[in-house]
Every structure is written in structure tokens, then in C-alpha cells.
$ cat structure.txt   # compact mmCIF, C-alpha atoms
# COMPACT_ATOMS: atom_id res chain seq x y z
CA MET A 1 -34.13 -23.12 141.56
CA GLU A 2 -35.49 -22.92 145.16
CA HIS A 3 -33.24 -25.81 146.14
CA ALA A 4 -30.22 -24.08 144.63
CA ALA A 5 -31.08 -20.85 146.43
CA ALA A 6 -31.35 -22.70 149.75
CA VAL A 7 -27.94 -24.31 149.25
CA ILE A 8 -26.37 -20.94 148.44
CA ALA A 9 -27.98 -19.45 151.57
CA ASP A 10 -26.49 -22.24 153.69
CA LEU A 11 -23.07 -21.58 152.23
CA ARG A 12 -23.28 -17.88 152.95
CA GLN A 13 -24.45 -18.51 156.51
CA ALA A 14 -21.35 -20.66 156.99
CA GLY A 15 -19.26 -17.75 155.69
CA GLN A 16 -18.40 -19.46 152.40
CA GLU A 17 -19.22 -18.55 148.79
CA PRO A 18 -19.20 -21.17 146.01
CA HIS A 19 -17.00 -20.02 143.13
CA LEU A 20 -18.14 -20.81 139.58
CA PRO A 21 -15.57 -20.43 136.78
CA ASP A 22 -15.90 -17.29 134.66
CA ARG A 23 -15.75 -19.27 131.45
CA GLN A 24 -16.25 -22.81 130.18
CA PRO A 25 -13.19 -25.07 130.32
CA PRO A 26 -11.27 -25.42 127.05
CA LEU A 27 -11.94 -28.28 124.69
CA GLY A 28 -10.05 -31.37 125.68
CA ALA A 29 -10.32 -34.72 127.36
CA GLY A 30 -13.56 -35.15 129.25
CA TYR A 31 -15.17 -32.06 127.72
CA THR A 32 -18.41 -32.40 125.78
CA PRO A 33 -19.74 -29.33 123.93
CA ALA A 34 -23.34 -28.48 124.83
CA GLY A 35 -25.82 -29.76 122.29
CA GLU A 36 -23.87 -32.94 121.47
CA ALA A 37 -23.92 -35.43 124.32
CA GLY A 38 -25.85 -32.81 126.19
CA ILE A 39 -24.17 -31.05 129.11
CA ARG A 40 -20.99 -29.25 129.97
CA PRO A 41 -18.99 -30.43 132.97
CA ILE A 42 -19.45 -28.34 136.08
CA GLU A 43 -16.53 -26.95 138.02
CA ILE A 44 -17.03 -25.51 141.50
CA ARG A 45 -14.05 -24.40 143.58
CA ILE A 46 -14.12 -23.86 147.35
CA ARG A 47 -11.73 -21.62 149.15
CA LEU A 48 -9.87 -23.12 152.11
CA ASP A 49 -8.25 -21.02 154.78
CA TYR A 50 -5.57 -22.11 157.25
CA ASN A 51 -8.07 -23.45 159.79
CA ASP A 52 -9.71 -25.63 157.11
CA ARG A 53 -6.43 -27.46 156.60
CA ARG A 54 -6.00 -28.03 160.32
CA ARG A 55 -9.61 -29.04 161.01
CA PRO A 56 -11.04 -31.60 158.53
CA GLU A 57 -14.51 -31.36 160.08
CA ASP A 58 -14.69 -27.67 159.09
CA TYR A 59 -13.60 -28.56 155.59
CA MET A 60 -16.35 -31.18 155.30
CA LYS A 61 -18.99 -28.74 156.52
CA LYS A 62 -18.13 -26.49 153.59
CA LEU A 63 -17.60 -29.25 151.04
CA ILE A 64 -20.93 -31.05 151.49
CA PRO A 65 -23.25 -28.11 150.64
CA THR A 66 -20.99 -27.16 147.73
CA LEU A 67 -21.29 -30.64 146.27
CA ALA A 68 -25.06 -30.47 146.80
CA LEU A 69 -25.15 -27.26 144.77
CA ALA A 70 -23.19 -28.95 141.99
CA LEU A 71 -25.74 -31.75 141.85
CA VAL A 72 -28.63 -29.28 141.65
CA VAL A 73 -27.02 -27.37 138.78
CA HIS A 74 -26.12 -30.62 137.04
CA ALA A 75 -29.70 -31.90 137.30
CA GLY A 76 -31.02 -28.62 135.89
CA ALA A 77 -28.76 -28.96 132.85
CA GLN A 78 -30.06 -32.48 132.22
CA GLN A 79 -33.63 -31.20 132.22
CA LYS A 80 -33.04 -29.23 129.02
CA ALA A 81 -35.72 -30.31 126.59
CA ALA A 82 -34.65 -32.78 123.94
CA PRO A 83 -35.48 -31.98 120.28
CA THR A 84 -38.94 -33.09 119.19
CA LEU A 85 -40.40 -33.76 115.76
CA ARG A 86 -42.19 -30.41 116.00
CA SER A 87 -39.08 -28.44 116.96
CA VAL A 88 -37.00 -30.06 114.20
CA LEU A 89 -39.61 -29.34 111.53
CA ILE A 90 -40.06 -25.73 112.64
CA GLU A 91 -36.30 -25.21 112.68
CA GLN A 92 -36.08 -26.56 109.12
CA LEU A 93 -38.85 -24.23 107.98
CA ARG A 94 -37.26 -21.19 109.62
CA SER A 95 -33.74 -21.93 108.39
CA THR A 96 -34.99 -21.83 104.78
CA HIS A 97 -37.42 -18.97 105.33
CA SER A 98 -35.97 -16.31 107.61
CA LYS A 99 -33.00 -17.60 109.59
CA SER A 100 -29.80 -18.05 107.60
CA ASP A 101 -27.73 -20.90 108.98
CA SER A 102 -25.62 -23.16 106.78
CA PHE A 103 -26.98 -21.35 103.72
CA VAL A 104 -28.75 -18.09 102.92
CA CYS A 105 -32.44 -18.01 103.84
CA LEU A 106 -35.15 -17.02 101.36
CA ASN A 107 -35.85 -13.61 102.87
CA VAL A 108 -32.23 -12.61 102.36
CA ALA A 109 -32.06 -14.18 98.88
CA VAL A 110 -34.93 -12.07 97.51
CA ALA A 111 -34.21 -8.84 99.41
CA ASN A 112 -33.20 -5.50 97.88
CA LEU A 113 -34.20 -6.17 94.28
CA THR A 114 -36.13 -3.87 91.98
CA ALA A 115 -38.92 -5.27 89.84
CA GLU A 116 -36.65 -4.92 86.79
CA GLN A 117 -33.86 -6.87 88.47
CA ALA A 118 -36.29 -9.53 89.64
CA ASN A 119 -37.52 -9.96 86.06
CA TRP A 120 -34.02 -10.37 84.56
CA THR A 121 -33.03 -13.65 82.86
CA ASP A 122 -29.68 -14.75 81.46
CA GLY A 123 -31.21 -15.71 78.12
CA LYS A 124 -30.12 -19.35 78.54
CA GLY A 125 -33.46 -20.74 79.57
CA ASN A 126 -32.99 -20.19 83.30
CA HIS A 127 -35.74 -18.58 85.32
CA SER A 128 -35.65 -15.07 86.75
CA VAL A 129 -35.61 -14.43 90.48
CA GLY A 130 -39.20 -13.26 90.21
CA GLN A 131 -40.29 -16.45 88.48
CA LEU A 132 -38.58 -18.61 91.10
CA ALA A 133 -40.21 -16.65 93.92
CA TYR A 134 -43.63 -16.87 92.25
CA HIS A 135 -43.20 -20.62 91.81
CA LEU A 136 -42.42 -21.00 95.52
CA LEU A 137 -45.44 -18.87 96.43
CA PHE A 138 -47.71 -20.99 94.24
CA TRP A 139 -46.75 -24.25 95.93
CA THR A 140 -46.35 -23.07 99.52
CA ARG A 141 -49.74 -21.39 99.36
CA ARG A 142 -51.29 -24.71 98.32
CA ASP A 143 -49.40 -26.44 101.13
CA LEU A 144 -50.83 -23.95 103.64
CA GLN A 145 -54.35 -24.47 102.32
CA ASN A 146 -53.97 -28.24 102.71
CA LEU A 147 -52.71 -27.84 106.28
CA ARG A 148 -55.74 -25.68 107.07
CA GLY A 149 -58.07 -28.28 105.59
CA GLU A 150 -59.00 -25.96 102.72
CA LYS A 151 -59.34 -27.08 99.11
CA PRO A 152 -56.74 -25.46 96.81
CA ALA A 153 -57.80 -24.14 93.43
CA LYS A 154 -57.88 -26.67 90.63
CA PHE A 155 -54.47 -27.18 89.03
CA ASP A 156 -54.10 -28.39 85.46
CA GLY A 157 -50.68 -29.93 86.10
CA ASN A 158 -48.71 -27.47 83.95
CA ASN A 159 -45.82 -26.63 86.28
CA ASP A 160 -44.28 -24.21 83.75
CA LYS A 161 -47.13 -21.80 84.43
CA THR A 162 -46.13 -21.62 88.10
CA PHE A 163 -43.04 -19.80 86.84
CA THR A 164 -44.19 -17.93 83.73
CA ASP A 165 -47.32 -16.43 85.28
CA PHE A 166 -45.09 -14.11 87.32
CA ASP A 167 -45.93 -10.43 86.79
CA ALA A 168 -42.98 -8.09 87.44
CA LYS A 169 -45.43 -5.35 88.44
CA GLN A 170 -46.40 -7.55 91.39
CA TRP A 171 -42.84 -8.23 92.55
CA GLY A 172 -43.17 -6.48 95.91
CA GLU A 173 -46.49 -8.18 96.62
CA THR A 174 -45.08 -11.56 95.61
CA VAL A 175 -42.27 -11.19 98.15
CA ARG A 176 -44.70 -10.07 100.86
CA GLN A 177 -47.14 -12.92 100.25
CA LEU A 178 -44.36 -15.51 100.14
CA ASP A 179 -43.00 -14.34 103.49
CA GLN A 180 -46.49 -14.33 105.03
CA THR A 181 -47.34 -17.78 103.68
CA LEU A 182 -44.21 -19.35 105.14
CA THR A 183 -44.82 -17.56 108.45
CA ASP A 184 -48.37 -18.92 108.56
CA ILE A 185 -47.10 -22.47 107.93
CA GLU A 186 -44.67 -22.14 110.86
CA LYS A 187 -47.45 -20.85 113.12
CA ILE A 188 -49.85 -23.64 112.27
CA VAL A 189 -47.18 -26.27 112.93
CA ALA A 190 -46.32 -24.64 116.27
CA SER A 191 -49.96 -24.73 117.43
CA ALA A 192 -50.96 -28.14 116.05
CA SER A 193 -51.33 -31.27 118.17
CA ASP A 194 -48.54 -33.84 118.26
CA ALA A 195 -50.69 -36.19 116.22
CA GLN A 196 -51.24 -33.57 113.53
CA VAL A 197 -47.53 -32.75 113.37
CA ALA A 198 -46.68 -36.43 112.95
CA LYS A 199 -49.28 -36.72 110.18
CA TRP A 200 -47.98 -33.61 108.39
CA ALA A 201 -44.27 -34.43 108.69
CA PRO A 202 -44.02 -36.11 105.24
CA THR A 203 -45.42 -32.89 103.73
CA LEU A 204 -43.54 -30.35 105.84
CA GLU A 205 -40.02 -31.62 105.24
CA PRO A 206 -40.32 -31.38 101.41
CA ILE A 207 -41.43 -27.74 101.80
CA SER A 208 -38.07 -26.91 103.35
CA ILE A 209 -36.15 -28.99 100.80
CA HIS A 210 -38.02 -27.38 97.89
CA THR A 211 -37.41 -23.88 99.23
CA ALA A 212 -33.70 -24.56 99.80
CA TYR A 213 -33.31 -25.88 96.25
CA HIS A 214 -34.72 -22.73 94.69
CA ILE A 215 -32.80 -20.43 97.06
CA GLY A 216 -29.64 -21.77 95.42
CA GLU A 217 -31.01 -20.87 91.99
CA ILE A 218 -32.04 -17.39 93.13
CA VAL A 219 -28.57 -16.61 94.47
CA MET A 220 -26.97 -18.00 91.29
CA VAL A 221 -29.14 -15.79 89.07
CA ARG A 222 -28.35 -12.74 91.18
CA LYS A 223 -24.63 -13.47 90.91
CA GLU A 224 -24.91 -13.80 87.13
CA GLN A 225 -26.73 -10.49 86.99
CA GLY A 226 -24.19 -8.83 89.30
CA VAL A 227 -26.74 -7.82 91.93
CA TRP A 228 -25.72 -10.16 94.76
CA ASP A 229 -24.04 -8.71 97.83
CA ALA A 230 -21.38 -11.22 98.92
CA ASN A 231 -21.61 -9.84 102.47
CA LYS A 232 -25.09 -11.34 102.68
CA GLY A 233 -23.72 -14.83 102.19
CA VAL A 234 -23.03 -17.28 104.97
CA LYS A 235 -19.52 -16.89 106.35
$ encode --input "structure.txt" --output "C-alpha cells"
Amino acid sequence: MEHAAAVIADLRQAGQEPHLPDRQPPLGAGYTPAGEAGIRPIEIRIRLDYNDRRRPEDYMKKLIPTLALALVVHAGAQQKAAPTLRSVLIEQLRSTHSKSDSFVCLNVAVANLTAEQANWTDGKGNHSVGQLAYHLLFWTRRDLQNLRGEKPAKFDGNNDKTFTDFDAKQWGETVRQLDQTLTDIEKIVASASDAQVAKWAPTLEPISIHTAYHIGEIVMVRKEQGVWDANKGVK
């Protein structure tokens, strides 16, 4: 940034301002959207007056610092941090927890339901929203305990109970605890060492996949019940 500021100061002392385009160039040949191959092309225009056209040496005096500025900006764009294992895992966790992206996140999927609505089933053997949320809480809480090095409570292997033990009277608390548990998992991943993150990766990715799977069921049940707001869906 100091280098760029110095170049701009030199330009202004020479009576010339570099002109950056107000918007990115349209898609087309030679254009690479940011985030794919990495950087957008840089366009800098210099203004030439009549004397510039008559005196090439004046033109070069203005062109050289402008090109130097372009190189500084270009180098800064290349320094944008590349995705890491940690950043990818955290993004996966957040996109299923609290940041809707290509599908609705969990926080949106369970929002604005009464305990009665959360306890509703279609009578066809499918779980209620409350049961699905309780099931997610059961397993993500154990995941968090494992990440912390704690020993989860003994589990008898009966997965059906992770659904049927849901108590509609505890609906609000179930939602709160589920949100907090997922938040705590994200925080512990963000603060862990690179070695720990690499070790946990085989466990962390299934958490996001498992959550995404049940989000689909939750939205389906809400649609069957007629309590899903289509405006909350991903456009």
C-alpha cells in the first residue's frame, strides 16, 4: 500500500491522475471472474494532452509511473489468500448451519415454528421437525465433545431414540442448543492448529453432510404441513 501511495504521489506531482474504470469490464475474451483463476484484469487509462502527442518524452514520463501502479495493484490482487482446509471446512459448517447458500441453512429451516407445529407428523412414518432437530442435536453434541477431548455419554446404539426422545415442551431449548452446539464446533475449528484440523477433517465434513441431509427433510415436512414460507427458500 505504501508503494502504491508513493506512485500516486509521483503522478500527482507530475500533474497527472491515474484513471481507474468505474466498473469491471464485461464478461468476454480475456476476462476471468474473480474467484476462478483468481484475478480480474486491470485497466488504467492515462489522459494525454496536445503536448503529450508532440513530445514523446513527456508521454513516457507519465506512462512509466502509471504502469508501475498497475503492477503494484496487480501484485496485491495475487496476494489474496488461497482457500485452506480450515477455511473450506468452516465454510461447509456455516453454509449448513447459519448461512444459506445453494440450499436453506438449518437456522432458517427450523425458524418460526410453534412447539405444536414442530411436533406434527404426516402419519406416514416420517419424523416431525422437532424429532429431526433433536436427532441433529444428539449427534452434533457428541461430535463437539469428541473435538474437545471429552467422553460422550454411553450410547446403546438405538438410533431411533435419537428421534423419539424429543419432547415438544423443549422445542425452543432444542433449537437454541442446536444453534449453540454448531457455533461452538465452528469456533473450535477456527482456533485449532493446522495439525488438529487435518486430523479432524474426516469427522467435520460428515457433520455438514448429515446436517444438509436432514435440512431437506425438515423443509419437506414443513411444506407437507403447510407452514413453510417459500420466500425463505433459496432463489
$ closest_residue --input "structure.txt" --among "A:Phe166, A:Cys105, A:His97, A:Glu116" --to "Val234 of chain A" --atoms "all atoms listed in the file"
A:Cys105
$ atom_distance --input "structure.txt" --atom1 "atom CA of Thr162 of chain A" --atom2 "atom CA of Thr211 of chain A"
14.3 Å
$ closest_residue --input "structure.txt" --among "A:Leu85, A:Leu93, A:Ala201, A:Leu113" --to "Val219 of chain A" --atoms "only C-alpha atoms"
A:Leu113
$ closest_residue --input "structure.txt" --among "A:Asp101, A:Asp165, A:Asp229, A:Asp179" --to "Thr140 of chain A" --atoms "all atoms listed in the file"
A:Asp179
$ residues_around --input "structure.txt" --residues "Glu224 of chain A" --least-positions-apart "6" --cutoff "12 Å" --atoms "all atoms listed in the file" --output "PDB file with C-alpha atoms, in the coordinates of the input"
ATOM      1  CA  GLN A 117     -33.860  -6.870  88.470  1.00  0.00           C
ATOM      2  CA  TRP A 120     -34.020 -10.370  84.560  1.00  0.00           C
ATOM      3  CA  THR A 121     -33.030 -13.650  82.860  1.00  0.00           C
ATOM      4  CA  ASP A 122     -29.680 -14.750  81.460  1.00  0.00           C
ATOM      5  CA  GLY A 123     -31.210 -15.710  78.120  1.00  0.00           C
ATOM      6  CA  LYS A 124     -30.120 -19.350  78.540  1.00  0.00           C
ATOM      7  CA  ASN A 126     -32.990 -20.190  83.300  1.00  0.00           C
ATOM      8  CA  HIS A 127     -35.740 -18.580  85.320  1.00  0.00           C
ATOM      9  CA  SER A 128     -35.650 -15.070  86.750  1.00  0.00           C
ATOM     10  CA  VAL A 129     -35.610 -14.430  90.480  1.00  0.00           C
ATOM     11  CA  GLU A 217     -31.010 -20.870  91.990  1.00  0.00           C
ATOM     12  CA  ILE A 218     -32.040 -17.390  93.130  1.00  0.00           C
TER      13      ILE A 218
END
$ residues_around --input "structure.txt" --residues "segment 150-152 of chain A" --least-positions-apart "5" --cutoff "12 Å" --atoms "all atoms listed in the file" --output "PDB file with C-alpha atoms, in the coordinates of the input"
ATOM      1  CA  PHE A 138     -47.710 -20.990  94.240  1.00  0.00           C
ATOM      2  CA  TRP A 139     -46.750 -24.250  95.930  1.00  0.00           C
ATOM      3  CA  THR A 140     -46.350 -23.070  99.520  1.00  0.00           C
ATOM      4  CA  ARG A 141     -49.740 -21.390  99.360  1.00  0.00           C
ATOM      5  CA  ARG A 142     -51.290 -24.710  98.320  1.00  0.00           C
ATOM      6  CA  ASP A 143     -49.400 -26.440 101.130  1.00  0.00           C
ATOM      7  CA  LEU A 144     -50.830 -23.950 103.640  1.00  0.00           C
ATOM      8  CA  GLN A 145     -54.350 -24.470 102.320  1.00  0.00           C
TER       9      GLN A 145
END
$ closest_residue --input "structure.txt" --among "A:Val88, A:Ile188, A:Ala82, A:Thr96" --to "Ala212 of chain A" --atoms "all atoms listed in the file"
A:Thr96
$ decode --input "structure.txt" --residues "segment 137-148 of chain A" --atoms "N, CA and C atoms" --output "PDB file, in the first residue's frame"
ATOM      1  N   LEU A 137     -29.192 -32.520  17.137  1.00  0.00           N
ATOM      2  CA  LEU A 137     -28.578 -32.054  18.389  1.00  0.00           C
ATOM      3  C   LEU A 137     -27.852 -33.206  19.075  1.00  0.00           C
ATOM      4  N   PHE A 138     -28.466 -34.359  19.113  1.00  0.00           N
ATOM      5  CA  PHE A 138     -27.848 -35.518  19.774  1.00  0.00           C
ATOM      6  C   PHE A 138     -26.470 -35.811  19.189  1.00  0.00           C
ATOM      7  N   TRP A 139     -26.369 -35.854  17.873  1.00  0.00           N
ATOM      8  CA  TRP A 139     -25.122 -36.251  17.238  1.00  0.00           C
ATOM      9  C   TRP A 139     -24.098 -35.109  17.180  1.00  0.00           C
ATOM     10  N   THR A 140     -24.539 -33.904  16.937  1.00  0.00           N
ATOM     11  CA  THR A 140     -23.562 -32.807  16.889  1.00  0.00           C
ATOM     12  C   THR A 140     -22.998 -32.509  18.278  1.00  0.00           C
ATOM     13  N   ARG A 141     -23.800 -32.728  19.308  1.00  0.00           N
ATOM     14  CA  ARG A 141     -23.287 -32.531  20.664  1.00  0.00           C
ATOM     15  C   ARG A 141     -22.190 -33.557  20.977  1.00  0.00           C
ATOM     16  N   ARG A 142     -22.367 -34.778  20.524  1.00  0.00           N
ATOM     17  CA  ARG A 142     -21.335 -35.803  20.712  1.00  0.00           C
ATOM     18  C   ARG A 142     -20.084 -35.462  19.890  1.00  0.00           C
ATOM     19  N   ASP A 143     -20.302 -34.936  18.686  1.00  0.00           N
ATOM     20  CA  ASP A 143     -19.162 -34.521  17.864  1.00  0.00           C
ATOM     21  C   ASP A 143     -18.355 -33.439  18.584  1.00  0.00           C
ATOM     22  N   LEU A 144     -19.053 -32.465  19.163  1.00  0.00           N
ATOM     23  CA  LEU A 144     -18.375 -31.384  19.872  1.00  0.00           C
ATOM     24  C   LEU A 144     -17.599 -31.920  21.063  1.00  0.00           C
ATOM     25  N   GLN A 145     -18.191 -32.841  21.791  1.00  0.00           N
ATOM     26  CA  GLN A 145     -17.499 -33.426  22.945  1.00  0.00           C
ATOM     27  C   GLN A 145     -16.230 -34.151  22.503  1.00  0.00           C
ATOM     28  N   ASN A 146     -16.304 -34.858  21.394  1.00  0.00           N
ATOM     29  CA  ASN A 146     -15.115 -35.556  20.888  1.00  0.00           C
ATOM     30  C   ASN A 146     -14.029 -34.565  20.481  1.00  0.00           C
ATOM     31  N   LEU A 147     -14.421 -33.465  19.844  1.00  0.00           N
ATOM     32  CA  LEU A 147     -13.439 -32.454  19.439  1.00  0.00           C
ATOM     33  C   LEU A 147     -12.763 -31.823  20.660  1.00  0.00           C
ATOM     34  N   ARG A 148     -13.510 -31.697  21.729  1.00  0.00           N
ATOM     35  CA  ARG A 148     -12.963 -31.112  22.959  1.00  0.00           C
ATOM     36  C   ARG A 148     -12.150 -32.114  23.773  1.00  0.00           C
TER      37      ARG A 148
END
